[in-house]
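One structure below.
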Amino acid sequence: MAERGRGDPTCSGVGSRQDTIPSGGGSNFPEYELPELNTRAFHVGAFGELWRGRLRGQGDLSLQEPPASVPPGCGGAADAGREDAAVARDLGCSLEAAAELRAVCGLDKLKCLEEAEDPEIIPEDTELVTLGVRKRLLEHREETITIDRVCRQETFAYEMESHAIGKKPENPADMIEEGELILSVNILYPVIFHKDLYKSAFFYFEGTFYNDKRYPECRDLSRTIIEWSESHDRGYGKFHSAKMEDFTFNDLYIKLGFPYLYCHQGDCEHVVVITDIRLVHRDDCLDRTLYPLLIKKHWLWTRKCFVCKMYTARWVTNNDSFAPEDPCFFCDICFRMLHYDSEGNKLGEFLAYPYVDPGTFN
């Protein structure tokens, strides 16, 4: 790999002193606080080995569930006596008072709902003030026919983030090994969307283009860029190219929070930012076959009708004598009521076009 000759791959010296660059205005404030401190490339595989070496043997890498602890009060009379003594010491009360507190407020005194009881129904004789307030609020909503629902965007985001938490594979061979690294990657949407027609693509990381050459029809999309760079001394240094399928992220040098590039379909470019790198935890998705795992998705906001502010726009108008804006967006009902009479005759002057809202594809 082209970046392997840069020295120690374990990022030693990241915390060392850096020289600041004074500003040109005579001020003592530097233009950059610590150059290279947060932009130094490190080797992903060496980073993982460093952390595994620090944590190995301490049980911190284990993906097994921790043993269940014994609930308080379930260890017999001796445990009850120790608990009473601890409560009496913390509260500054007598052992008799601590024993009475345990008898009145212990876990065994918590009331569980019967099978036929609905937890959503608030009883009439509740003594809790908060439940009383909530009951009156719910009754008021029913009277005013107000629908209480969570925003669909929040529901969608929650489902994406939580659908694979702690999920284990059915086949033990697909289980992620202890100490593996998880990278969080943010891939930005392009300005112009392209249809997926060609297999050629590349990633660009730290001076190297990693071209997808898995299929015979794949072309080297980076060749034009490299030839352009080498035709004159443009100050970018020497670029290199490699086969994407011959490398994994463990082989790369990267910078966290630094913008890289993914290009496909010839000129469809996505900015790629690696935002986090850490060791796998037991609460992560442990099924190797589900990776790369999509946990967030760009949300396209829905454009509402200008008149009713409720329904998604279906029509857009220009040079509209009835509209305060140009262009102006309308749902189907408001558009017809405003621009046509009861017999379907056109009113006023305007140009109307069907509108397909991007939010419908969410």
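Simple scheme: letters A, B, ... for chains in structure tokens order, numbers from 1 for residues in each chain, numbers from 1 for ligands in the order shown.
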
Give me every strand (DSSP E or B) residue in stretch 163-291 of chain A, going by DSSP on the backbone, as an NGL selection string. :A and (175 or 181-187 or 201-205 or 208-211 or 240-243 or 253-254 or 259-264 or 268-279 or 287)

Preceding selection exported with C-alpha atoms as a CSV table (one decimal), in the first residue's frame:
chain,number,residue,atom,x,y,z
A,175,MET,CA,-20.8,-14.6,15.0
A,181,LEU,CA,-13.5,-3.1,15.1
A,182,ILE,CA,-16.7,-1.3,14.1
A,183,LEU,CA,-16.4,1.8,11.9
A,184,SER,CA,-19.2,4.4,11.7
A,185,VAL,CA,-19.3,5.8,8.1
A,186,ASN,CA,-21.4,8.8,7.0
A,187,ILE,CA,-22.0,8.7,3.2
A,201,ALA,CA,-16.5,2.5,-8.8
A,202,PHE,CA,-13.7,3.6,-6.5
A,203,PHE,CA,-13.0,4.8,-3.0
A,204,TYR,CA,-10.3,7.4,-2.4
A,205,PHE,CA,-8.4,7.3,0.9
A,208,THR,CA,-4.8,6.0,-3.1
A,209,PHE,CA,-7.7,5.1,-5.4
A,210,TYR,CA,-9.2,1.7,-4.6
A,211,ASN,CA,-11.0,0.6,-7.8
A,240,HIS,CA,-1.7,5.5,-6.5
A,241,SER,CA,-4.3,3.0,-7.5
A,242,ALA,CA,-5.1,-0.5,-6.2
A,243,LYS,CA,-7.8,-3.1,-6.4
A,253,TYR,CA,-4.6,4.6,6.8
A,254,ILE,CA,-7.5,7.0,7.6
A,259,PRO,CA,-13.8,13.9,3.9
A,260,TYR,CA,-12.9,11.1,1.5
A,261,LEU,CA,-14.7,10.1,-1.7
A,262,TYR,CA,-16.7,7.3,-3.2
A,263,CYS,CA,-17.4,7.6,-7.0
A,264,HIS,CA,-19.6,5.4,-9.2
A,268,CYS,CA,-21.7,10.3,-9.2
A,269,GLU,CA,-19.7,11.3,-6.2
A,270,HIS,CA,-20.4,10.8,-2.5
A,271,VAL,CA,-18.4,12.4,0.3
A,272,VAL,CA,-17.5,9.7,2.8
A,273,VAL,CA,-16.6,10.6,6.4
A,274,ILE,CA,-15.5,8.0,9.0
A,275,THR,CA,-17.0,9.5,12.2
A,276,ASP,CA,-16.1,6.8,14.7
A,277,ILE,CA,-14.0,3.7,15.2
A,278,ARG,CA,-14.3,1.4,18.3
A,279,LEU,CA,-14.3,-2.2,19.5
A,287,ASP,CA,-24.4,-11.1,13.1

For A:Gly348, the nearest of the candidates A:Phe322, A:Tyr236, A:Tyr311, A:Trp301, counting only C-alpha atoms: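 For A:Gly348, the nearest of the given residues is A:Phe322.
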